[in-house]
Amino acid sequence: MLVRDAMSTVVLTIGPAHTLRQAARLMSTRHVGAAVVLDEESSGIGILTERDILNSLALGQNPDAEAAGSHTTTDVVFAAPAWTLDEAAAAMSHGGFRHLIVLDSSGPVGIVSVRDIIRCWAPARQRVPA
């Protein structure tokens with residue numbers, strides 16, 4: 001199975017000036033665990049995850065004052081739609097993250113998460129009765 005078969009095509013994009021509260025609200029409304037952060041000034045693509053917001057809150061930072069860009073991961077590993085799920089899982093495992101932005105020649109087309117991969121792999125494995 002390929003990344004294109006498992007990825008979510010609901011891609012939430014935000015700017016680096018969005019506050020963490022705005023980002024969290026948008027992520028919650030769309031039921032996604034990550035937002036793609038597009039920085040037009042640097043032509044960069046980054047990712048902001050639930051964990052990034054959680055870490056900021058744990059430090060006592062104000063989610064209404066903290067900008068998403070200050071908490072965005074910018075050294076992102078991207079997946080191609082034609083990658084296998086094994087390749088995506090290996091990249092996640094190697095990098096220690098749970099989301100990959102999926103890019104094609106036009107830009108971000110999806111996000112694949114560990115949860116997406118598990119959903120695809122789980123039906124292929126028989127459940128052992130308890």
# chains A, B, ... in the order shown; residues from 1 in each chain; ligands from 1

call {"tool": "select_by_dssp", "arguments": {"residues": "chain A", "states": "helix (DSSP H, G or I)", "output": "MDAnalysis selection string"}}
result
chainID A and resid 3:6 20:30 50:58 68:70 85:95 114:124

call {"tool": "residues_around", "arguments": {"residues": "Ala68 (chain A)", "least_positions_apart": "3", "cutoff": "6 Å", "atoms": "only C-alpha atoms", "output": "VMD selection string"}}
result
chain A and resid 16 18 to 20 71

call {"tool": "write_last_selection", "arguments": {"atoms": "C-alpha atoms", "output": "compact mmCIF listing (two decimals), in the first residue's frame"}}
result
# COMPACT_ATOMS: atom_id res chain seq x y z
CA PRO A 16 3.49 31.60 11.09
CA HIS A 18 -1.32 32.50 13.77
CA THR A 19 -1.39 32.17 17.55
CA LEU A 20 -1.19 28.73 19.11
CA HIS A 71 6.94 26.46 17.53

call {"tool": "residues_around", "arguments": {"residues": "Asp75 (chain A)", "least_positions_apart": "6", "cutoff": "12 Å", "atoms": "only C-alpha atoms", "output": "PyMOL selection string"}}
result
chain A and resi 44-48+95+97+100-101

call {"tool": "closest_atom_pairs", "arguments": {"of": "region 18-115 of chain A", "to": "region 2-11 of chain A", "cutoff": "6 Å", "atoms": "only C-alpha atoms", "output": "Markdown table"}}
result
| residue | atom | partner | partner_atom | distance |
| --- | --- | --- | --- | --- |
| A:Pro81 | CA | A:Arg4 | CA | 4.5 |
| A:Ala82 | CA | A:Leu2 | CA | 5.8 |
| A:Trp83 | CA | A:Val3 | CA | 5.6 |
| A:Thr84 | CA | A:Leu2 | CA | 4.3 |
| A:Leu85 | CA | A:Leu2 | CA | 5.5 |
| A:Gly110 | CA | A:Thr9 | CA | 4.4 |
| A:Ile111 | CA | A:Ser8 | CA | 5.4 |
| A:Val112 | CA | A:Met7 | CA | 4.3 |

call {"tool": "closest_residue", "arguments": {"among": "A:Ala24, A:Ala88, A:Ile118, A:Leu38", "to": "Gly69 (chain A)", "atoms": "only C-alpha atoms"}}
result
A:Leu38

call {"tool": "atom_distance", "arguments": {"atom1": "CA of Glu40 (chain A)", "atom2": "CA of Leu26 (chain A)"}}
result
19.7 Å
